[in-house]
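J.: So here's structure00.txt, just compact mmCIF, C-alpha atoms:
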# COMPACT_ATOMS: atom_id res chain seq x y z
CA MET A 1 7.86 2.86 -103.13
CA ASN A 2 8.78 -0.70 -104.03
CA PHE A 3 7.91 -2.66 -107.16
CA SER A 4 7.48 -6.37 -107.67
CA GLU A 5 8.90 -8.22 -110.64
CA SER A 6 6.66 -8.24 -113.69
CA PHE A 7 4.40 -11.17 -114.57
CA LYS A 8 2.75 -12.16 -117.83
CA LEU A 9 -0.77 -10.89 -118.51
CA SER A 10 -3.40 -10.95 -121.26
CA GLY A 11 -6.24 -8.54 -121.95
CA LEU A 12 -5.55 -6.35 -118.90
CA LEU A 13 -7.32 -9.07 -116.87
CA CYS A 14 -5.96 -8.61 -113.36
CA ARG A 15 -8.25 -8.25 -110.31
CA PHE A 16 -7.82 -8.28 -106.54
CA SER A 17 -10.46 -10.29 -104.69
CA PRO A 18 -12.99 -8.18 -102.74
CA ASP A 19 -11.44 -9.26 -99.40
CA GLY A 20 -7.94 -8.45 -100.67
CA LYS A 21 -6.55 -11.94 -100.00
CA TYR A 22 -6.05 -12.96 -103.62
CA LEU A 23 -4.94 -11.54 -106.95
CA ALA A 24 -6.27 -13.13 -110.14
CA SER A 25 -4.59 -12.68 -113.50
CA CYS A 26 -5.02 -14.25 -116.93
CA VAL A 27 -2.49 -15.45 -119.47
CA GLN A 28 -4.41 -16.49 -122.59
CA TYR A 29 -6.52 -19.49 -121.37
CA ARG A 30 -4.83 -19.83 -117.96
CA LEU A 31 -6.13 -18.28 -114.73
CA VAL A 32 -3.47 -17.65 -112.09
CA ILE A 33 -4.47 -17.06 -108.45
CA ARG A 34 -1.79 -15.45 -106.27
CA ASP A 35 -1.56 -14.37 -102.66
CA GLY A 36 -2.54 -10.70 -102.63
CA LYS A 37 0.53 -9.67 -100.61
CA THR A 38 3.33 -12.13 -101.32
CA LEU A 39 2.30 -12.84 -104.97
CA GLN A 40 2.98 -16.53 -104.41
CA ILE A 41 0.98 -18.70 -106.81
CA LEU A 42 -1.80 -20.51 -104.93
CA GLN A 43 -3.81 -22.02 -107.80
CA LEU A 44 -3.45 -22.41 -111.54
CA TYR A 45 -6.57 -23.16 -113.58
CA THR A 46 -6.83 -23.98 -117.28
CA CYS A 47 -9.90 -22.84 -119.21
CA LEU A 48 -11.26 -24.19 -122.49
CA ASP A 49 -10.46 -21.06 -124.53
CA GLN A 50 -8.87 -17.64 -124.20
CA ILE A 51 -10.39 -15.76 -121.26
CA GLN A 52 -12.09 -12.46 -122.09
CA HIS A 53 -13.59 -11.50 -118.72
CA ILE A 54 -13.07 -12.41 -115.07
CA GLU A 55 -15.07 -11.49 -111.99
CA TRP A 56 -14.84 -12.42 -108.32
CA SER A 57 -17.88 -13.37 -106.26
CA ALA A 58 -18.66 -10.89 -103.49
CA ASP A 59 -17.38 -13.29 -100.79
CA SER A 60 -14.12 -13.99 -102.71
CA LEU A 61 -14.79 -17.75 -102.68
CA PHE A 62 -15.45 -18.16 -106.43
CA ILE A 63 -14.23 -16.59 -109.64
CA LEU A 64 -15.86 -16.78 -113.06
CA CYS A 65 -14.07 -16.72 -116.42
CA ALA A 66 -16.10 -15.80 -119.49
CA MET A 67 -15.14 -16.87 -123.01
CA TYR A 68 -17.58 -14.88 -125.11
CA ARG A 69 -16.47 -16.26 -128.47
CA ARG A 70 -17.33 -19.79 -127.34
CA GLY A 71 -20.43 -18.84 -125.34
CA LEU A 72 -18.83 -20.39 -122.25
CA VAL A 73 -18.42 -19.49 -118.59
CA GLN A 74 -16.23 -21.50 -116.24
CA VAL A 75 -16.40 -21.07 -112.47
CA TRP A 76 -13.61 -22.02 -110.05
CA SER A 77 -13.66 -22.44 -106.28
CA LEU A 78 -10.90 -21.11 -104.01
CA GLU A 79 -11.89 -23.36 -101.11
CA GLN A 80 -12.26 -26.53 -103.20
CA PRO A 81 -9.78 -26.33 -106.11
CA GLU A 82 -10.96 -29.69 -107.50
CA TRP A 83 -14.53 -28.33 -107.90
CA HIS A 84 -15.44 -26.48 -111.06
CA CYS A 85 -18.49 -25.54 -113.09
CA LYS A 86 -19.01 -25.03 -116.82
CA ILE A 87 -21.93 -23.07 -118.29
CA ASP A 88 -22.54 -23.35 -122.03
CA GLU A 89 -25.03 -20.94 -123.56
CA GLY A 90 -24.92 -22.83 -126.85
CA SER A 91 -26.44 -21.20 -129.93
CA ALA A 92 -27.83 -18.33 -127.85
CA GLY A 93 -24.30 -16.95 -127.54
CA LEU A 94 -22.89 -14.78 -124.79
CA VAL A 95 -22.07 -11.06 -124.60
CA ALA A 96 -21.90 -10.43 -120.82
CA SER A 97 -21.59 -12.38 -117.58
CA CYS A 98 -21.72 -11.23 -113.96
CA TRP A 99 -22.34 -12.44 -110.40
CA SER A 100 -25.40 -11.79 -108.31
CA PRO A 101 -24.60 -10.19 -104.93
CA ASP A 102 -25.02 -13.50 -103.08
CA GLY A 103 -22.13 -15.01 -105.05
CA ARG A 104 -24.12 -18.15 -105.87
CA HIS A 105 -25.94 -17.11 -109.06
CA ILE A 106 -24.52 -16.06 -112.42
CA LEU A 107 -26.34 -13.78 -114.85
CA ASN A 108 -25.48 -14.36 -118.52
CA THR A 109 -26.70 -12.03 -121.26
CA THR A 110 -27.20 -13.75 -124.62
CA GLU A 111 -26.39 -12.33 -128.02
CA PHE A 112 -28.70 -9.61 -129.33
CA HIS A 113 -29.85 -9.19 -125.69
CA LEU A 114 -32.64 -11.69 -126.24
CA ARG A 115 -32.62 -12.69 -122.57
CA ILE A 116 -30.60 -12.93 -119.36
CA THR A 117 -30.10 -16.48 -118.08
CA VAL A 118 -29.78 -16.87 -114.31
CA TRP A 119 -27.80 -19.96 -113.28
CA SER A 120 -27.81 -21.20 -109.68
CA LEU A 121 -24.64 -22.87 -108.40
CA CYS A 122 -26.53 -24.27 -105.42
CA THR A 123 -29.59 -25.89 -107.00
CA LYS A 124 -28.35 -26.04 -110.60
CA SER A 125 -31.65 -24.46 -111.61
CA VAL A 126 -32.02 -22.04 -114.52
CA SER A 127 -34.37 -19.09 -114.88
CA TYR A 128 -34.75 -16.36 -117.47
CA ILE A 129 -35.26 -12.61 -117.60
CA LYS A 130 -36.75 -11.51 -120.90
CA TYR A 131 -36.35 -8.30 -122.89
CA PRO A 132 -33.14 -6.84 -121.40
CA LYS A 133 -32.30 -3.60 -123.14
CA ALA A 134 -29.03 -3.36 -125.03
CA CYS A 135 -27.51 -0.22 -123.54
CA GLN A 136 -24.37 1.11 -121.92
CA GLN A 137 -25.37 0.13 -118.38
CA GLY A 138 -28.68 -1.71 -118.19
CA ILE A 139 -28.36 -3.81 -115.04
CA THR A 140 -27.43 -2.68 -111.54
CA PHE A 141 -27.72 -4.11 -108.01
CA THR A 142 -28.01 -2.12 -104.81
CA ARG A 143 -24.88 -2.34 -102.69
CA ASP A 144 -26.63 -4.45 -100.03
CA GLY A 145 -27.79 -6.87 -102.73
CA ARG A 146 -31.50 -6.54 -101.93
CA TYR A 147 -32.65 -5.01 -105.22
CA LEU A 148 -31.91 -5.40 -108.90
CA ALA A 149 -32.77 -2.72 -111.44
CA LEU A 150 -32.96 -3.85 -115.05
CA ALA A 151 -33.61 -1.79 -118.16
CA GLU A 152 -36.14 -3.55 -120.38
CA ARG A 153 -37.37 -2.82 -123.89
CA ARG A 154 -40.66 -4.16 -125.24
CA ASP A 155 -42.56 -3.11 -128.32
CA CYS A 156 -39.80 -0.59 -129.09
CA ARG A 157 -40.38 1.19 -125.76
CA ASP A 158 -38.28 1.48 -122.62
CA TYR A 159 -39.79 -0.01 -119.46
CA HIS A 160 -38.47 0.82 -116.04
CA PHE A 161 -41.36 2.16 -114.07
CA ASP A 162 -42.15 3.09 -117.69
CA THR A 163 -39.34 5.65 -117.75
CA ASP A 164 -39.81 8.95 -119.50
CA THR A 165 -36.87 8.39 -121.84
CA GLN A 166 -36.44 8.35 -125.60
CA ASP A 167 -33.64 5.77 -125.51
CA LEU A 168 -32.52 4.73 -122.03
CA THR A 169 -28.72 4.49 -121.90
CA GLY A 170 -27.87 3.69 -118.29
CA ILE A 171 -29.11 3.13 -114.75
CA GLU A 172 -27.21 3.33 -111.45
CA TRP A 173 -28.26 2.97 -107.82
CA ALA A 174 -27.05 5.47 -105.26
CA PRO A 175 -24.61 3.74 -102.88
CA ASN A 176 -27.23 3.80 -100.08
CA GLY A 177 -29.71 1.98 -102.35
CA CYS A 178 -32.49 4.53 -101.89
CA VAL A 179 -32.48 6.29 -105.27
CA LEU A 180 -32.05 5.05 -108.83
CA ALA A 181 -30.65 7.33 -111.53
CA ALA A 182 -31.65 6.67 -115.15
CA TRP A 183 -30.32 8.70 -118.05
CA ASP A 184 -31.21 9.09 -121.67
CA THR A 185 -29.22 8.79 -124.88
CA CYS A 186 -26.55 11.42 -125.47
CA LEU A 187 -28.89 12.97 -128.07
CA GLU A 188 -31.44 13.82 -125.36
CA TYR A 189 -30.18 15.57 -122.20
CA LYS A 190 -32.28 14.00 -119.45
CA ILE A 191 -31.54 12.31 -116.13
CA LEU A 192 -34.36 10.89 -114.00
CA LEU A 193 -34.28 10.00 -110.30
CA TYR A 194 -36.63 7.36 -108.92
CA SER A 195 -37.45 6.05 -105.46
CA LEU A 196 -37.56 2.32 -104.66
CA ASP A 197 -41.30 2.18 -105.30
CA GLY A 198 -40.96 3.78 -108.73
CA ARG A 199 -41.96 7.35 -107.90
CA LEU A 200 -40.24 9.99 -110.00
CA LEU A 201 -38.37 12.20 -107.54
CA SER A 202 -36.88 14.59 -110.04
CA ALA A 203 -35.98 15.09 -113.69
CA TYR A 204 -33.06 17.25 -114.76
CA CYS A 205 -32.14 18.77 -118.12
CA ALA A 206 -29.28 21.25 -118.46
CA TYR A 207 -29.76 22.25 -122.09
CA GLU A 208 -31.41 21.10 -125.31
CA TRP A 209 -28.72 21.17 -127.98
CA SER A 210 -27.51 18.12 -129.86
CA LEU A 211 -25.25 16.24 -127.41
CA GLY A 212 -26.08 15.81 -123.73
CA ILE A 213 -24.92 13.41 -120.97
CA LYS A 214 -21.60 11.60 -121.37
CA SER A 215 -20.80 10.26 -117.87
CA VAL A 216 -22.48 9.88 -114.47
CA ALA A 217 -21.05 9.20 -110.99
CA TRP A 218 -22.53 8.99 -107.49
CA SER A 219 -20.51 10.15 -104.50
CA PRO A 220 -19.86 7.33 -101.98
CA SER A 221 -21.93 9.28 -99.43
CA SER A 222 -24.92 9.33 -101.86
CA GLN A 223 -25.18 13.09 -101.25
CA PHE A 224 -24.09 14.15 -104.74
CA LEU A 225 -24.68 13.04 -108.29
CA ALA A 226 -22.12 14.29 -110.81
CA ILE A 227 -23.14 14.55 -114.46
CA GLY A 228 -20.46 14.96 -117.11
CA SER A 229 -21.73 16.60 -120.30
CA TYR A 230 -20.62 17.09 -123.87
CA ASP A 231 -20.41 20.85 -123.33
CA GLY A 232 -17.33 20.29 -121.16
CA LYS A 233 -19.03 20.90 -117.82
CA VAL A 234 -19.85 18.80 -114.76
CA ARG A 235 -23.18 19.49 -113.02
CA LEU A 236 -23.52 18.55 -109.38
CA LEU A 237 -26.98 17.62 -108.05
CA ASN A 238 -27.67 17.44 -104.29
CA HIS A 239 -29.64 14.68 -102.54
CA VAL A 240 -32.08 16.97 -100.74
CA THR A 241 -33.78 18.79 -103.61
CA TRP A 242 -32.13 16.99 -106.56
CA LYS A 243 -31.43 20.41 -108.02
CA MET A 244 -28.10 21.57 -109.42
CA ILE A 245 -25.94 23.21 -106.75
CA THR A 246 -23.00 24.10 -109.01
CA GLU A 247 -21.36 23.43 -112.34
CA PHE A 248 -17.66 22.94 -113.00
CA GLY A 249 -16.20 24.14 -116.30
CA HIS A 250 -13.00 22.90 -117.93
CA PRO A 251 -11.50 25.92 -119.73
CA ALA A 252 -8.41 25.65 -121.93
CA THR A 253 -6.69 28.35 -119.86
CA ILE A 254 -6.46 28.49 -116.07
CA ASN A 255 -6.63 32.15 -115.04
CA ASN A 256 -7.23 31.85 -111.29
CA PRO A 257 -3.85 32.43 -109.56
CA LYS A 258 -5.08 30.49 -106.50
CA THR A 259 -5.45 27.28 -108.51
CA VAL A 260 -2.30 25.15 -108.43
CA VAL A 261 -1.40 23.69 -111.84
CA TYR A 262 1.16 20.90 -111.97
CA LYS A 263 2.71 20.30 -115.39
CA GLU A 264 4.71 17.23 -116.21
CA ALA A 265 8.04 18.24 -117.70
CA GLU A 266 10.92 16.28 -119.18
CA LYS A 267 13.93 16.12 -116.89
CA ILE A 268 17.27 15.24 -118.49
CA PRO A 269 19.68 13.97 -115.81
CA GLN A 270 22.48 16.46 -115.18
CA LEU A 271 25.77 14.62 -114.78
CA GLY A 272 28.86 16.41 -113.48
CA LEU A 273 31.92 15.78 -115.67
CA GLY A 274 34.04 15.21 -112.57
CA HIS A 275 32.00 12.10 -111.82
CA LEU A 276 31.87 10.71 -115.36
CA SER A 277 34.01 7.70 -116.26
CA PHE A 278 34.38 5.89 -119.58
CA PRO A 279 32.85 3.54 -120.20
CA PRO A 280 30.16 4.76 -117.77
CA PRO A 281 28.81 2.37 -115.13
CA ARG A 282 25.72 0.42 -116.19
CA ALA A 283 23.30 2.47 -114.03
CA MET A 284 24.72 5.73 -115.34
CA ALA A 285 24.59 4.52 -118.94
CA GLY A 286 20.89 3.91 -118.48
CA ALA A 287 20.44 7.43 -117.16
CA LEU A 288 22.29 8.85 -120.16
CA SER A 289 20.00 7.10 -122.63
CA THR A 290 16.62 7.86 -121.08
CA SER A 291 14.85 11.00 -119.97
CA GLU A 292 12.82 11.27 -116.80
CA SER A 293 9.91 13.52 -115.91
CA LYS A 294 8.67 15.43 -112.93
CA TYR A 295 5.79 17.71 -112.00
CA GLU A 296 6.49 21.41 -111.98
CA ILE A 297 4.22 24.13 -110.61
CA ALA A 298 3.20 26.40 -113.48
CA SER A 299 2.65 30.12 -112.96
CA GLY A 300 -0.59 31.52 -114.34
CA PRO A 301 -2.30 32.07 -116.57
CA VAL A 302 -1.69 28.49 -117.71
CA ALA A 303 -2.69 27.28 -121.18
CA LEU A 304 -3.56 23.58 -121.40
CA GLN A 305 -3.11 21.37 -124.47
CA THR A 306 -6.43 20.98 -126.29
CA LEU A 307 -7.85 18.97 -129.18
CA LYS A 308 -10.22 20.38 -131.73
CA PRO A 309 -13.20 17.99 -131.63
CA VAL A 310 -14.78 16.66 -134.80
CA ALA A 311 -18.43 17.04 -133.82
CA ASP A 312 -19.91 15.47 -136.97
CA ARG A 313 -18.45 12.03 -136.21
CA ALA A 314 -19.69 9.36 -133.82
CA ASN A 315 -18.27 9.49 -130.29
CA PRO A 316 -16.49 12.83 -130.70
CA ARG A 317 -13.51 13.47 -128.42
CA MET A 318 -15.21 16.20 -126.46
CA GLY A 319 -17.00 16.56 -123.15
CA VAL A 320 -16.40 15.10 -119.70
CA GLY A 321 -15.86 11.38 -120.25
CA MET A 322 -14.28 10.41 -116.91
CA LEU A 323 -15.59 11.10 -113.39
CA ALA A 324 -14.60 9.64 -110.01
CA PHE A 325 -15.23 10.66 -106.40
CA SER A 326 -12.66 9.98 -103.68
CA SER A 327 -13.65 7.38 -101.09
CA ASP A 328 -14.46 10.09 -98.52
CA SER A 329 -16.50 12.12 -101.06
CA TYR A 330 -14.26 15.17 -100.43
CA PHE A 331 -12.82 15.31 -103.96
CA LEU A 332 -13.99 14.73 -107.52
CA ALA A 333 -11.54 13.92 -110.32
CA THR A 334 -12.55 14.63 -113.93
CA ARG A 335 -11.16 14.56 -117.46
CA ASN A 336 -12.50 16.67 -120.31
CA ASP A 337 -11.88 14.62 -123.45
CA ASN A 338 -10.83 17.57 -125.59
CA VAL A 339 -8.25 18.53 -122.92
CA PRO A 340 -7.03 14.91 -122.77
CA ASN A 341 -3.73 15.35 -120.93
CA ALA A 342 -5.21 17.01 -117.84
CA VAL A 343 -6.88 15.69 -114.68
CA TRP A 344 -8.95 18.18 -112.72
CA VAL A 345 -9.46 17.68 -108.98
CA TRP A 346 -12.38 19.55 -107.39
CA ASP A 347 -12.93 20.30 -103.70
CA ILE A 348 -16.52 19.17 -103.10
CA GLN A 349 -16.72 20.75 -99.64
CA LYS A 350 -15.88 24.20 -101.00
CA LEU A 351 -17.29 23.57 -104.49
CA LYS A 352 -14.22 24.89 -106.27
CA LEU A 353 -11.27 23.72 -108.34
CA PHE A 354 -8.47 22.41 -106.11
CA VAL A 355 -5.71 21.43 -108.54
CA VAL A 356 -5.02 20.60 -112.21
CA LEU A 357 -2.46 17.96 -113.25
CA GLU A 358 -1.32 18.16 -116.88
CA HIS A 359 0.74 15.38 -118.42
CA LEU A 360 2.86 14.94 -121.53
CA SER A 361 0.49 12.27 -122.89
CA PRO A 362 -3.30 11.76 -122.79
CA VAL A 363 -4.64 10.35 -119.53
CA ARG A 364 -5.84 6.76 -120.03
CA SER A 365 -7.17 6.03 -116.56
CA PHE A 366 -7.32 7.26 -112.98
CA GLN A 367 -8.52 5.59 -109.78
CA TRP A 368 -8.84 6.66 -106.16
CA ASP A 369 -7.25 4.81 -103.27
CA PRO A 370 -10.12 2.93 -101.52
CA GLN A 371 -8.99 4.16 -98.09
CA GLN A 372 -7.86 7.78 -98.46
CA PRO A 373 -7.95 10.71 -100.90
CA ARG A 374 -5.03 9.56 -103.05
CA LEU A 375 -5.38 9.43 -106.83
CA ALA A 376 -3.39 7.15 -109.17
CA ILE A 377 -3.09 8.16 -112.83
CA CYS A 378 -1.64 6.45 -115.91
CA THR A 379 -1.05 7.80 -119.42
CA GLY A 380 0.16 4.76 -121.33
CA GLY A 381 3.82 5.53 -120.56
CA SER A 382 6.21 3.78 -118.19
CA LYS A 383 5.31 6.00 -115.23
CA VAL A 384 2.59 6.05 -112.62
CA TYR A 385 1.43 9.35 -111.12
CA LEU A 386 0.08 9.81 -107.61
CA TRP A 387 -1.66 12.85 -106.14
CA SER A 388 -2.88 13.60 -102.63
CA PRO A 389 -3.68 16.91 -100.92
CA ALA A 390 -0.04 16.86 -99.71
CA GLY A 391 1.30 17.01 -103.29
CA CYS A 392 2.11 14.74 -106.20
CA VAL A 393 4.80 12.42 -107.51
CA SER A 394 5.81 10.94 -110.87
CA VAL A 395 7.32 7.47 -110.53
CA GLN A 396 9.21 5.51 -113.17
CA VAL A 397 8.32 1.81 -113.27
CA PRO A 398 11.67 0.00 -113.00
CA GLY A 399 12.77 -2.95 -115.07
CA GLU A 400 14.36 -3.79 -118.36
CA GLY A 401 12.59 -2.51 -121.44
CA ASP A 402 9.46 -0.40 -121.60
CA PHE A 403 6.45 -0.97 -119.33
CA PRO A 404 3.53 1.09 -120.73
CA VAL A 405 0.97 1.40 -117.91
CA LEU A 406 -2.47 1.03 -119.52
CA GLY A 407 -4.58 0.24 -116.46
CA LEU A 408 -4.67 0.45 -112.66
CA CYS A 409 -6.16 -1.71 -109.92
CA TRP A 410 -5.98 -0.80 -106.21
CA HIS A 411 -5.78 -3.30 -103.37
CA LEU A 412 -8.61 -2.94 -100.86
CA SER A 413 -6.17 -1.69 -98.18
CA GLY A 414 -4.66 0.99 -100.41
CA ASP A 415 -1.21 -0.43 -99.60
CA SER A 416 -0.53 -1.67 -103.13
CA LEU A 417 -1.51 -0.90 -106.69
CA ALA A 418 -1.46 -3.25 -109.68
CA LEU A 419 -0.03 -1.65 -112.83
CA LEU A 420 -1.27 -3.29 -116.02
CA SER A 421 0.38 -3.25 -119.44
CA LYS A 422 -0.54 -5.09 -122.61
CA ASP A 423 1.53 -8.20 -121.83
CA HIS A 424 2.60 -7.83 -118.19
CA PHE A 425 1.62 -6.55 -114.78
CA CYS A 426 3.50 -5.66 -111.63
CA LEU A 427 2.61 -4.46 -108.14
CA CYS A 428 3.60 -1.10 -106.73
CA PHE A 429 3.85 -1.31 -102.94
CA LEU A 430 3.16 2.12 -101.47
CA GLU A 431 4.65 3.71 -98.42
CA THR A 432 2.67 4.57 -95.31
CA LYS A 433 0.36 7.54 -95.41
CA GLU A 434 2.95 9.65 -93.59
CA GLY A 435 5.72 8.53 -95.90
CA PHE A 436 3.68 9.30 -98.99
CA GLY A 437 2.75 12.71 -97.62
CA ALA A 438 6.39 13.47 -96.98
CA ALA A 439 7.31 12.43 -100.51
CA CYS A 440 4.51 14.52 -101.98
CA GLY A 441 5.41 17.43 -99.76
CA GLN A 442 8.62 17.87 -101.75
CA ARG A 443 6.41 19.05 -104.59
CA ASP A 444 9.12 18.75 -107.23
CA GLY A 445 7.26 15.61 -107.96
CA HIS A 446 9.83 12.94 -108.75
CA ALA A 447 10.40 9.82 -106.72
Turn this file's structure into structure tokens for me.

T.:
Amino acid sequence: MNFSESFKLSGLLCRFSPDGKYLASCVQYRLVIRDGKTLQILQLYTCLDQIQHIEWSADSLFILCAMYRRGLVQVWSLEQPEWHCKIDEGSAGLVASCWSPDGRHILNTTEFHLRITVWSLCTKSVSYIKYPKACQQGITFTRDGRYLALAERRDCRDYHFDTDTQDLTGIEWAPNGCVLAAWDTCLEYKILLYSLDGRLLSAYCAYEWSLGIKSVAWSPSSQFLAIGSYDGKVRLLNHVTWKMITEFGHPATINNPKTVVYKEAEKIPQLGLGHLSFPPPRAMAGALSTSESKYEIASGPVALQTLKPVADRANPRMGVGMLAFSSDSYFLATRNDNVPNAVWVWDIQKLKLFVVLEHLSPVRSFQWDPQQPRLAICTGGSKVYLWSPAGCVSVQVPGEGDFPVLGLCWHLSGDSLALLSKDHFCLCFLETKEGFGAACGQRDGHA
């Protein structure tokens, strides 16, 4: 693996363009556009205030910058750097901004979710969508851009084919655009599946105690819908009957000897006295002052670090809060929030647990390689962790000082990975698939 130098960053705002040609990053009120491979600066734009959100258009020709505190959106063109657009929502305020799939319309949600304003870059016309519901995920487009689903609320009722929900929390199209999932508040375990014409295909409820659905994820193949619940289990629904085909638990102890458990362990460099000189060389002095880590295979039964949840507080740290399918739909990665240091990887073909990766610190984020089943994980420390079916590695981010990795962003090709910290970002250039497999095949996990 190779690493770039680090560059300044604000607000974890760093995004590759959909076509992979560009990398956008923000430093306060400046937007920096770089070449996605060489990192050479191509454009530098200055906004009117500190940027709080950026988003590329689907064709990678435009990028929007939202400044929510000022109620402003500025749009920049990659083809015509001298062209720009400013949208001012005025007294209505601004809480969200996104592109339409055609990349020529911008949807702005005003404060208190009074309306969504649709701005056209082509005709400069403006239209409005009334009564958008303030919820976790209330607007979603099909992948082909043909349909928009919007959660509405009128007269204190949810409207979306007049959904059978108490308090609609989120909606999400299947990747093939044929089925829409809608789920209720966490206080009411209910997920509803609708066809394009609004017919209810199925309704699913796993149990009826106080806390229900916490996370939802479609497989890229649209064959499976994974539902993460507050009881620490993932339910998997199939696309034929929309019934549950299995449930995955997240116990505090792994008893199955066939399940591989990798534990991150501190590794203090062992230095032979015959090779030690005083004062030590600079590289060796650094090794003396810092500890490294590696993955070790634990022998069962394996006890995982757990948190005791405080169930009488809002947003308790319990239940499955993170779900992600691999790009080929073969694997599902999960995190149970009261076992925060562990990532569980499930084999979807065999419907069983494949591997558990436990770290020294709580897992902040994980993302799959867009091209192959390779998972990147960060824990807020100065390491990035990579897993594939061939094995796993723990990699120290080089450089002077600490580089706490708080976020991840894959390049479309899977050849590079942006590592984001509070004030900086750098790129990790990955080896070929064969090279990575060889590195992982060592299984002692340090690179």

J.: When you draw a straight line from CA of Gly228 in chain A to CA of Gly249 in chain A, how long is it in Å?

T.: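 If I compute the distance from CA of Gly228 in chain A to CA of Gly249 in chain A, I get 10.2 Å.
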
J.: Residues at most 10 Å from Phe248 in chain A, counting all atoms listed in the file, excluding those fewer than 2 positions away in the same chain, as a compact mmCIF listing (two decimals) with C-alpha atoms, in the frame of the given file?

T.:
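Just written: result_23.txt:
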# COMPACT_ATOMS: atom_id res chain seq x y z
CA ALA A 226 -22.12 14.29 -110.81
CA GLY A 228 -20.46 14.96 -117.11
CA GLY A 232 -17.33 20.29 -121.16
CA LYS A 233 -19.03 20.90 -117.82
CA VAL A 234 -19.85 18.80 -114.76
CA ARG A 235 -23.18 19.49 -113.02
CA LEU A 236 -23.52 18.55 -109.38
CA THR A 246 -23.00 24.10 -109.01
CA HIS A 250 -13.00 22.90 -117.93
CA PRO A 251 -11.50 25.92 -119.73
CA THR A 334 -12.55 14.63 -113.93
CA TRP A 344 -8.95 18.18 -112.72
CA TRP A 346 -12.38 19.55 -107.39
CA LEU A 351 -17.29 23.57 -104.49
CA LYS A 352 -14.22 24.89 -106.27
CA LEU A 353 -11.27 23.72 -108.34

J.: Please identify all polymer residues within 12 Å of range 145-152 of chain A, counting all atoms listed in the file, omitting same-chain residues fewer than 5 positions from it, and present them as a PyMOL selection string.

T.: chain A and resi 58+99-103+107+113-116+129-140+157-163+165+167-184+194-198

J.: Would you export the selected residues with C-alpha atoms as a tab-separated table (two decimals), in the coordinates of the input, please?

T.:
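Saved the output as selection.tsv:
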chain	number	residue	atom	x	y	z
A	58	ALA	CA	-18.66	-10.89	-103.49
A	99	TRP	CA	-22.34	-12.44	-110.40
A	100	SER	CA	-25.40	-11.79	-108.31
A	101	PRO	CA	-24.60	-10.19	-104.93
A	102	ASP	CA	-25.02	-13.50	-103.08
A	103	GLY	CA	-22.13	-15.01	-105.05
A	107	LEU	CA	-26.34	-13.78	-114.85
A	113	HIS	CA	-29.85	-9.19	-125.69
A	114	LEU	CA	-32.64	-11.69	-126.24
A	115	ARG	CA	-32.62	-12.69	-122.57
A	116	ILE	CA	-30.60	-12.93	-119.36
A	129	ILE	CA	-35.26	-12.61	-117.60
A	130	LYS	CA	-36.75	-11.51	-120.90
A	131	TYR	CA	-36.35	-8.30	-122.89
A	132	PRO	CA	-33.14	-6.84	-121.40
A	133	LYS	CA	-32.30	-3.60	-123.14
A	134	ALA	CA	-29.03	-3.36	-125.03
A	135	CYS	CA	-27.51	-0.22	-123.54
A	136	GLN	CA	-24.37	1.11	-121.92
A	137	GLN	CA	-25.37	0.13	-118.38
A	138	GLY	CA	-28.68	-1.71	-118.19
A	139	ILE	CA	-28.36	-3.81	-115.04
A	140	THR	CA	-27.43	-2.68	-111.54
A	157	ARG	CA	-40.38	1.19	-125.76
A	158	ASP	CA	-38.28	1.48	-122.62
A	159	TYR	CA	-39.79	-0.01	-119.46
A	160	HIS	CA	-38.47	0.82	-116.04
A	161	PHE	CA	-41.36	2.16	-114.07
A	162	ASP	CA	-42.15	3.09	-117.69
A	163	THR	CA	-39.34	5.65	-117.75
A	165	THR	CA	-36.87	8.39	-121.84
A	167	ASP	CA	-33.64	5.77	-125.51
A	168	LEU	CA	-32.52	4.73	-122.03
A	169	THR	CA	-28.72	4.49	-121.90
A	170	GLY	CA	-27.87	3.69	-118.29
A	171	ILE	CA	-29.11	3.13	-114.75
A	172	GLU	CA	-27.21	3.33	-111.45
A	173	TRP	CA	-28.26	2.97	-107.82
A	174	ALA	CA	-27.05	5.47	-105.26
A	175	PRO	CA	-24.61	3.74	-102.88
A	176	ASN	CA	-27.23	3.80	-100.08
A	177	GLY	CA	-29.71	1.98	-102.35
A	178	CYS	CA	-32.49	4.53	-101.89
A	179	VAL	CA	-32.48	6.29	-105.27
A	180	LEU	CA	-32.05	5.05	-108.83
A	181	ALA	CA	-30.65	7.33	-111.53
A	182	ALA	CA	-31.65	6.67	-115.15
A	183	TRP	CA	-30.32	8.70	-118.05
A	184	ASP	CA	-31.21	9.09	-121.67
A	194	TYR	CA	-36.63	7.36	-108.92
A	195	SER	CA	-37.45	6.05	-105.46
A	196	LEU	CA	-37.56	2.32	-104.66
A	197	ASP	CA	-41.30	2.18	-105.30
A	198	GLY	CA	-40.96	3.78	-108.73

J.: Write out as a ChimeraX atom specification each polymer residue whose atoms come within 9 Å of Lys37 in chain A, counting only C-alpha atoms; drop sequence neighbours fewer than 2 positions from it.

T.: /A:20-23,34-35,39-40,416

J.: CA of Ser382 in chain A and CA of Gln28 in chain A are how many Å apart?

T.: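 Taking CA of Ser382 in chain A as the start and CA of Gln28 in chain A as the end point, the length is 23.3 Å.
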
J.: Pick the closest to Ala252 in chain A from A:Val339, A:Lys267, A:Tyr189, A:Asn315: which is it, counting only C-alpha atoms?

T.: A:Val339

J.: If we draw a sphere of 12 Å around (-28.0, -23.1, -112.9), which residues have at least one atom in it when counting only C-alpha atoms? Please report them as a ChimeraX atom specification.

T.: /A:73,75,85-89,104-108,117-128
